[in-house]
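Shown next: my_file_26.txt, given as compact mmCIF, N, CA and C atoms.
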```
# COMPACT_ATOMS: atom_id res chain seq x y z
N MET A 5 0.84 -1.18 0.00
CA MET A 5 0.00 0.00 0.00
C MET A 5 0.88 1.24 0.00
N SER A 6 0.55 2.20 -0.82
CA SER A 6 1.39 3.39 -0.91
C SER A 6 1.06 4.35 0.23
N SER A 7 2.06 5.11 0.60
CA SER A 7 1.91 6.00 1.75
C SER A 7 1.38 7.36 1.33
N LYS A 8 1.00 8.14 2.33
CA LYS A 8 0.51 9.50 2.07
C LYS A 8 1.62 10.36 1.48
N THR A 9 2.85 10.11 1.90
CA THR A 9 3.98 10.87 1.37
C THR A 9 4.14 10.64 -0.12
N ASN A 10 3.99 9.40 -0.56
CA ASN A 10 4.11 9.12 -1.99
C ASN A 10 2.99 9.78 -2.78
N HIS A 11 1.79 9.83 -2.21
CA HIS A 11 0.70 10.53 -2.88
C HIS A 11 1.01 12.02 -3.00
N GLY A 12 1.51 12.61 -1.92
CA GLY A 12 1.86 14.03 -1.94
C GLY A 12 2.96 14.32 -2.95
N PHE A 13 3.95 13.44 -3.01
CA PHE A 13 5.04 13.60 -3.96
C PHE A 13 4.53 13.50 -5.40
N SER A 14 3.63 12.56 -5.65
CA SER A 14 3.07 12.40 -7.00
C SER A 14 2.30 13.64 -7.43
N TYR A 15 1.50 14.19 -6.53
CA TYR A 15 0.77 15.41 -6.85
C TYR A 15 1.73 16.58 -7.09
N ALA A 16 2.81 16.65 -6.33
CA ALA A 16 3.78 17.72 -6.51
C ALA A 16 4.46 17.62 -7.88
N ILE A 17 4.86 16.43 -8.26
CA ILE A 17 5.52 16.24 -9.56
C ILE A 17 4.55 16.55 -10.70
N PHE A 18 3.30 16.10 -10.56
CA PHE A 18 2.32 16.37 -11.61
C PHE A 18 2.03 17.87 -11.72
N ALA A 19 1.94 18.57 -10.59
CA ALA A 19 1.72 20.02 -10.61
C ALA A 19 2.91 20.73 -11.25
N LEU A 20 4.13 20.28 -10.93
CA LEU A 20 5.32 20.87 -11.53
C LEU A 20 5.36 20.63 -13.03
N LEU A 21 5.00 19.43 -13.46
CA LEU A 21 4.96 19.14 -14.90
C LEU A 21 3.92 20.00 -15.62
N LEU A 22 2.78 20.20 -15.00
CA LEU A 22 1.77 21.07 -15.61
C LEU A 22 2.28 22.51 -15.74
N LEU A 23 2.98 22.99 -14.72
CA LEU A 23 3.56 24.33 -14.82
C LEU A 23 4.59 24.42 -15.94
N LEU A 24 5.45 23.42 -16.03
CA LEU A 24 6.46 23.43 -17.09
C LEU A 24 5.82 23.33 -18.48
N ILE A 25 4.78 22.52 -18.61
CA ILE A 25 4.08 22.41 -19.89
C ILE A 25 3.42 23.73 -20.25
N SER A 26 2.80 24.39 -19.28
CA SER A 26 2.13 25.66 -19.59
C SER A 26 3.15 26.73 -19.95
N TRP A 27 4.29 26.77 -19.27
CA TRP A 27 5.32 27.75 -19.64
C TRP A 27 5.87 27.46 -21.03
N PHE A 28 6.09 26.19 -21.33
CA PHE A 28 6.57 25.82 -22.66
C PHE A 28 5.56 26.21 -23.73
N LEU A 29 4.28 25.92 -23.50
CA LEU A 29 3.24 26.31 -24.46
C LEU A 29 3.18 27.82 -24.64
N PHE A 30 3.33 28.54 -23.55
CA PHE A 30 3.31 29.99 -23.64
C PHE A 30 4.45 30.51 -24.51
N ILE A 31 5.64 30.00 -24.28
CA ILE A 31 6.80 30.46 -25.05
C ILE A 31 6.67 30.08 -26.52
N VAL A 32 6.31 28.84 -26.79
CA VAL A 32 6.21 28.38 -28.17
C VAL A 32 5.09 29.08 -28.92
N LEU A 33 3.93 29.19 -28.30
CA LEU A 33 2.79 29.78 -28.98
C LEU A 33 2.89 31.30 -29.09
N MET A 34 3.64 31.94 -28.22
CA MET A 34 3.80 33.39 -28.33
C MET A 34 4.78 33.76 -29.43
N LEU A 35 5.56 32.82 -29.91
CA LEU A 35 6.45 33.10 -31.03
C LEU A 35 5.64 33.36 -32.30
N ASN A 36 4.47 32.75 -32.38
CA ASN A 36 3.57 32.99 -33.50
C ASN A 36 2.64 34.13 -33.11
N ARG A 37 2.84 35.30 -33.66
CA ARG A 37 2.09 36.48 -33.21
C ARG A 37 0.65 36.49 -33.68
N TYR A 38 0.28 35.62 -34.57
CA TYR A 38 -1.10 35.58 -35.05
C TYR A 38 -1.96 34.57 -34.29
N PHE A 39 -1.39 33.95 -33.29
CA PHE A 39 -2.09 32.88 -32.58
C PHE A 39 -2.28 33.27 -31.13
N SER A 40 -3.48 33.16 -30.63
CA SER A 40 -3.77 33.47 -29.23
C SER A 40 -3.47 32.24 -28.38
N ALA A 41 -2.50 32.38 -27.50
CA ALA A 41 -2.06 31.24 -26.70
C ALA A 41 -2.76 31.16 -25.35
N GLY A 42 -3.58 32.13 -25.01
CA GLY A 42 -4.18 32.20 -23.69
C GLY A 42 -4.97 30.98 -23.30
N LYS A 43 -5.79 30.49 -24.21
CA LYS A 43 -6.65 29.37 -23.85
C LYS A 43 -5.89 28.06 -23.70
N PHE A 44 -4.70 27.94 -24.27
CA PHE A 44 -3.96 26.69 -24.20
C PHE A 44 -3.09 26.58 -22.94
N PHE A 45 -2.55 27.67 -22.45
CA PHE A 45 -1.69 27.55 -21.28
C PHE A 45 -2.39 27.96 -20.00
N LEU A 46 -3.59 28.50 -20.09
CA LEU A 46 -4.31 28.91 -18.89
C LEU A 46 -4.81 27.71 -18.09
N PHE A 47 -5.32 26.69 -18.75
CA PHE A 47 -5.86 25.52 -18.05
C PHE A 47 -4.81 24.82 -17.18
N PRO A 48 -3.64 24.46 -17.71
CA PRO A 48 -2.65 23.83 -16.83
C PRO A 48 -2.16 24.77 -15.73
N MET A 49 -2.14 26.07 -16.01
CA MET A 49 -1.68 27.03 -15.02
C MET A 49 -2.67 27.14 -13.86
N LEU A 50 -3.94 26.96 -14.13
CA LEU A 50 -4.95 27.01 -13.07
C LEU A 50 -5.10 25.68 -12.33
N ILE A 51 -4.84 24.59 -13.00
CA ILE A 51 -4.99 23.28 -12.38
C ILE A 51 -3.81 22.95 -11.45
N SER A 52 -2.62 23.43 -11.77
CA SER A 52 -1.44 23.05 -10.99
C SER A 52 -1.50 23.49 -9.53
N PRO A 53 -1.96 24.72 -9.17
CA PRO A 53 -2.05 25.01 -7.74
C PRO A 53 -3.11 24.18 -7.02
N ILE A 54 -4.16 23.81 -7.72
CA ILE A 54 -5.19 22.97 -7.11
C ILE A 54 -4.60 21.59 -6.79
N LEU A 55 -3.85 21.04 -7.73
CA LEU A 55 -3.20 19.75 -7.49
C LEU A 55 -2.17 19.86 -6.36
N ALA A 56 -1.47 20.99 -6.29
CA ALA A 56 -0.48 21.17 -5.24
C ALA A 56 -1.14 21.25 -3.87
N VAL A 57 -2.31 21.87 -3.78
CA VAL A 57 -3.02 21.92 -2.50
C VAL A 57 -3.48 20.52 -2.10
N ILE A 58 -3.97 19.75 -3.05
CA ILE A 58 -4.36 18.36 -2.75
C ILE A 58 -3.13 17.57 -2.29
N GLY A 59 -2.00 17.78 -2.97
CA GLY A 59 -0.77 17.12 -2.56
C GLY A 59 -0.30 17.58 -1.19
N LEU A 60 -0.53 18.85 -0.87
CA LEU A 60 -0.16 19.36 0.45
C LEU A 60 -0.99 18.69 1.54
N VAL A 61 -2.25 18.45 1.27
CA VAL A 61 -3.10 17.74 2.24
C VAL A 61 -2.54 16.33 2.48
N TYR A 62 -2.18 15.64 1.41
CA TYR A 62 -1.59 14.31 1.57
C TYR A 62 -0.24 14.38 2.29
N SER A 63 0.55 15.40 2.00
CA SER A 63 1.85 15.53 2.66
C SER A 63 1.69 15.79 4.15
N VAL A 64 0.71 16.61 4.51
CA VAL A 64 0.48 16.88 5.93
C VAL A 64 -0.05 15.64 6.64
N LYS A 65 -0.87 14.86 5.95
CA LYS A 65 -1.35 13.61 6.55
C LYS A 65 -0.21 12.62 6.78
N GLY A 66 0.83 12.70 5.96
CA GLY A 66 1.97 11.80 6.10
C GLY A 66 3.13 12.41 6.86
N ILE A 67 2.87 13.44 7.65
CA ILE A 67 3.95 14.15 8.33
C ILE A 67 4.65 13.27 9.37
N ARG A 68 3.97 12.26 9.90
CA ARG A 68 4.58 11.39 10.92
C ARG A 68 5.39 10.24 10.31
N GLU A 69 5.37 10.12 9.01
CA GLU A 69 6.16 9.08 8.36
C GLU A 69 7.64 9.46 8.40
N PRO A 70 8.53 8.50 8.23
CA PRO A 70 9.96 8.81 8.26
C PRO A 70 10.35 9.80 7.15
N ASN A 71 11.33 10.63 7.46
CA ASN A 71 11.78 11.63 6.49
C ASN A 71 12.51 10.96 5.33
N THR A 72 12.06 11.28 4.13
CA THR A 72 12.70 10.79 2.91
C THR A 72 12.82 11.97 1.95
N PHE A 73 13.54 11.74 0.87
CA PHE A 73 13.65 12.78 -0.15
C PHE A 73 12.29 13.12 -0.73
N LYS A 74 11.48 12.10 -0.99
CA LYS A 74 10.15 12.33 -1.57
C LYS A 74 9.29 13.17 -0.64
N LYS A 75 9.38 12.91 0.64
CA LYS A 75 8.57 13.66 1.60
C LYS A 75 8.97 15.12 1.63
N ILE A 76 10.25 15.40 1.74
CA ILE A 76 10.72 16.78 1.83
C ILE A 76 10.49 17.52 0.51
N PHE A 77 10.84 16.90 -0.60
CA PHE A 77 10.68 17.53 -1.91
C PHE A 77 9.21 17.78 -2.22
N GLY A 78 8.36 16.80 -1.95
CA GLY A 78 6.93 16.96 -2.18
C GLY A 78 6.34 18.05 -1.32
N LEU A 79 6.75 18.12 -0.08
CA LEU A 79 6.24 19.16 0.82
C LEU A 79 6.67 20.55 0.37
N ILE A 80 7.93 20.68 -0.04
CA ILE A 80 8.41 21.99 -0.52
C ILE A 80 7.67 22.42 -1.77
N LEU A 81 7.52 21.52 -2.73
CA LEU A 81 6.80 21.86 -3.96
C LEU A 81 5.32 22.15 -3.69
N ASN A 82 4.70 21.35 -2.85
CA ASN A 82 3.29 21.53 -2.57
C ASN A 82 3.00 22.80 -1.79
N VAL A 83 3.98 23.33 -1.10
CA VAL A 83 3.80 24.62 -0.42
C VAL A 83 4.14 25.77 -1.36
N SER A 84 5.18 25.62 -2.16
CA SER A 84 5.65 26.74 -2.97
C SER A 84 4.76 27.06 -4.16
N ILE A 85 4.18 26.07 -4.80
CA ILE A 85 3.35 26.33 -5.99
C ILE A 85 2.12 27.16 -5.65
N PRO A 86 1.31 26.77 -4.65
CA PRO A 86 0.17 27.65 -4.32
C PRO A 86 0.61 29.01 -3.77
N SER A 87 1.75 29.04 -3.05
CA SER A 87 2.24 30.31 -2.52
C SER A 87 2.60 31.27 -3.65
N LEU A 88 3.26 30.77 -4.67
CA LEU A 88 3.59 31.61 -5.82
C LEU A 88 2.34 32.06 -6.56
N PHE A 89 1.37 31.18 -6.68
CA PHE A 89 0.11 31.51 -7.34
C PHE A 89 -0.62 32.62 -6.57
N ILE A 90 -0.67 32.50 -5.24
CA ILE A 90 -1.31 33.53 -4.42
C ILE A 90 -0.54 34.84 -4.50
N ALA A 91 0.79 34.78 -4.52
CA ALA A 91 1.59 35.99 -4.62
C ALA A 91 1.33 36.72 -5.93
N VAL A 92 1.19 35.99 -7.02
CA VAL A 92 0.90 36.61 -8.32
C VAL A 92 -0.48 37.27 -8.30
N ILE A 93 -1.46 36.60 -7.71
CA ILE A 93 -2.80 37.17 -7.63
C ILE A 93 -2.80 38.44 -6.79
N VAL A 94 -2.12 38.42 -5.65
CA VAL A 94 -2.05 39.61 -4.79
C VAL A 94 -1.33 40.74 -5.50
N LYS A 95 -0.24 40.45 -6.19
CA LYS A 95 0.49 41.48 -6.92
C LYS A 95 -0.38 42.11 -7.99
N ASN A 96 -1.12 41.28 -8.72
CA ASN A 96 -2.01 41.82 -9.75
C ASN A 96 -3.14 42.64 -9.15
N ALA A 97 -3.66 42.22 -8.01
CA ALA A 97 -4.72 42.99 -7.35
C ALA A 97 -4.19 44.34 -6.90
N ILE A 98 -2.97 44.39 -6.40
CA ILE A 98 -2.36 45.66 -5.99
C ILE A 98 -2.15 46.56 -7.19
N GLU A 99 -1.69 46.00 -8.29
CA GLU A 99 -1.50 46.80 -9.51
C GLU A 99 -2.82 47.34 -10.04
N ILE A 100 -3.87 46.55 -9.99
CA ILE A 100 -5.19 47.02 -10.43
C ILE A 100 -5.68 48.13 -9.51
N TYR A 101 -5.48 47.96 -8.21
CA TYR A 101 -5.88 48.99 -7.26
C TYR A 101 -5.14 50.30 -7.51
N ARG A 102 -3.84 50.21 -7.76
CA ARG A 102 -3.05 51.42 -8.04
C ARG A 102 -3.47 52.08 -9.35
N ALA A 103 -3.87 51.29 -10.33
CA ALA A 103 -4.30 51.86 -11.60
C ALA A 103 -5.64 52.56 -11.48
N ILE A 104 -6.50 52.06 -10.61
CA ILE A 104 -7.82 52.66 -10.45
C ILE A 104 -7.75 53.92 -9.60
N TYR A 105 -6.99 53.89 -8.51
CA TYR A 105 -6.96 55.03 -7.57
C TYR A 105 -5.70 55.80 -7.67
```
Reformat the file's structure so that it appears as C-alpha cells.
Amino acid sequence: MSSKTNHGFSYAIFALLLLLISWFLFIVLMLNRYFSAGKFFLFPMLISPILAVIGLVYSVKGIREPNTFKKIFGLILNVSIPSLFIAVIVKNAIEIYRAIY
C-alpha cells in the first residue's frame, strides 16, 4: 500500500509538470504572433495550484512518516506552488488597485 507521502510527492511532480508544460506552451505559442495562446496555457496554469493543495493535504497527513527525499521535496513543492500563485494574484490585485486610484 502506498503511503501519504508518496501521494503528496506524486501530486507535486504532476503540478510541476503542468507548470512546465504551460510555460513551454506559452513560449512556443507566443512566437507565432497571429495565434492566441491564452486558452492553451491557462488551463494547466490554473490546475497546478489545485493539485499542489491536494498534494499538500496528503503531505500533511503523512507528516509522521519517516523523512525521505520524496517527503521533503513533495512538501516543498506543494507549499511553494500555491504560494507563488497567491503571490501573483495579490500582486495583480495591488497593480489594479493602483491603476484605479
Inset, instruction - Could you find all residues in stretch 37-103 of chain A that DSSP calls helix (DSSP H, G or I) from the backbone, and write them as an NGL selection string? - result: :A and (42-65 or 73-103)
Inset, instruction - Go through A:Ile104, A:Ile98, A:Met49, A:Leu79 one by one, measure the shortest atom-to-atom distance of each to A:Asn10 using only C-alpha atoms, and give the residue with the smallest value. - result: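 Looking only at the distances to A:Asn10, the closest residue turns out to be A:Leu79.
Taking atom C of A:Val32 and atom CA of A:Ile17 as the two end points, the separation is 23.2 Å.
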Inset, instruction - May I have the protein, DNA and RNA residues with an atom at most 12 Å from (2.6, 26.7, -18.7), counting only C-alpha atoms in the file's coordinates, returned as a ChimeraX atom specification? - result: /A:19-34,41-52
Could you write those residues out with N, CA and C atoms, as a compact mmCIF listing (two decimals), in the frame of the given file?
```
# COMPACT_ATOMS: atom_id res chain seq x y z
N ALA A 19 1.94 18.57 -10.59
CA ALA A 19 1.72 20.02 -10.61
C ALA A 19 2.91 20.73 -11.25
N LEU A 20 4.13 20.28 -10.93
CA LEU A 20 5.32 20.87 -11.53
C LEU A 20 5.36 20.63 -13.03
N LEU A 21 5.00 19.43 -13.46
CA LEU A 21 4.96 19.14 -14.90
C LEU A 21 3.92 20.00 -15.62
N LEU A 22 2.78 20.20 -15.00
CA LEU A 22 1.77 21.07 -15.61
C LEU A 22 2.28 22.51 -15.74
N LEU A 23 2.98 22.99 -14.72
CA LEU A 23 3.56 24.33 -14.82
C LEU A 23 4.59 24.42 -15.94
N LEU A 24 5.45 23.42 -16.03
CA LEU A 24 6.46 23.43 -17.09
C LEU A 24 5.82 23.33 -18.48
N ILE A 25 4.78 22.52 -18.61
CA ILE A 25 4.08 22.41 -19.89
C ILE A 25 3.42 23.73 -20.25
N SER A 26 2.80 24.39 -19.28
CA SER A 26 2.13 25.66 -19.59
C SER A 26 3.15 26.73 -19.95
N TRP A 27 4.29 26.77 -19.27
CA TRP A 27 5.32 27.75 -19.64
C TRP A 27 5.87 27.46 -21.03
N PHE A 28 6.09 26.19 -21.33
CA PHE A 28 6.57 25.82 -22.66
C PHE A 28 5.56 26.21 -23.73
N LEU A 29 4.28 25.92 -23.50
CA LEU A 29 3.24 26.31 -24.46
C LEU A 29 3.18 27.82 -24.64
N PHE A 30 3.33 28.54 -23.55
CA PHE A 30 3.31 29.99 -23.64
C PHE A 30 4.45 30.51 -24.51
N ILE A 31 5.64 30.00 -24.28
CA ILE A 31 6.80 30.46 -25.05
C ILE A 31 6.67 30.08 -26.52
N VAL A 32 6.31 28.84 -26.79
CA VAL A 32 6.21 28.38 -28.17
C VAL A 32 5.09 29.08 -28.92
N LEU A 33 3.93 29.19 -28.30
CA LEU A 33 2.79 29.78 -28.98
C LEU A 33 2.89 31.30 -29.09
N MET A 34 3.64 31.94 -28.22
CA MET A 34 3.80 33.39 -28.33
C MET A 34 4.78 33.76 -29.43
N ALA A 41 -2.50 32.38 -27.50
CA ALA A 41 -2.06 31.24 -26.70
C ALA A 41 -2.76 31.16 -25.35
N GLY A 42 -3.58 32.13 -25.01
CA GLY A 42 -4.18 32.20 -23.69
C GLY A 42 -4.97 30.98 -23.30
N LYS A 43 -5.79 30.49 -24.21
CA LYS A 43 -6.65 29.37 -23.85
C LYS A 43 -5.89 28.06 -23.70
N PHE A 44 -4.70 27.94 -24.27
CA PHE A 44 -3.96 26.69 -24.20
C PHE A 44 -3.09 26.58 -22.94
N PHE A 45 -2.55 27.67 -22.45
CA PHE A 45 -1.69 27.55 -21.28
C PHE A 45 -2.39 27.96 -20.00
N LEU A 46 -3.59 28.50 -20.09
CA LEU A 46 -4.31 28.91 -18.89
C LEU A 46 -4.81 27.71 -18.09
N PHE A 47 -5.32 26.69 -18.75
CA PHE A 47 -5.86 25.52 -18.05
C PHE A 47 -4.81 24.82 -17.18
N PRO A 48 -3.64 24.46 -17.71
CA PRO A 48 -2.65 23.83 -16.83
C PRO A 48 -2.16 24.77 -15.73
N MET A 49 -2.14 26.07 -16.01
CA MET A 49 -1.68 27.03 -15.02
C MET A 49 -2.67 27.14 -13.86
N LEU A 50 -3.94 26.96 -14.13
CA LEU A 50 -4.95 27.01 -13.07
C LEU A 50 -5.10 25.68 -12.33
N ILE A 51 -4.84 24.59 -13.00
CA ILE A 51 -4.99 23.28 -12.38
C ILE A 51 -3.81 22.95 -11.45
N SER A 52 -2.62 23.43 -11.77
CA SER A 52 -1.44 23.05 -10.99
C SER A 52 -1.50 23.49 -9.53
```
Could you give me the centre and size, in Å to one decimal, of an axis-aligned box around all listed atoms of stretch 10-25 of chain A with 5 Å added on every side, as lines of an AutoDock Vina configuration file?
```
center_x = 3.6
center_y = 16.8
center_z = -10.4
size_x = 15.8
size_y = 25.3
size_z = 29.7
```
Legend entry - Distance of atom CA of A:Lys75 from atom C of A:Ser14, expressed in Å to one decimal place: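 We find that atom C of A:Ser14 and atom CA of A:Lys75 lie 11.0 Å from each other.
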Legend entry - Gap from atom C of A:Tyr62 to atom C of A:Val92 - Å, one decimal: 25.2 Å
Inset, instruction - Identify the residues around (5.2, 22.1, -5.9) within a radius of 7 Å, measuring from all atoms listed in the file in the coordinates stated by the file, and give them as a ChimeraX atom specification. - result: /A:15-17,19-20,56,77-86
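Take the candidates A:Leu35, A:Ile93, A:Val64, A:Leu88 and check each one against A:Gly12 using all atoms listed in the file; the shortest distance goes to A:Val64.
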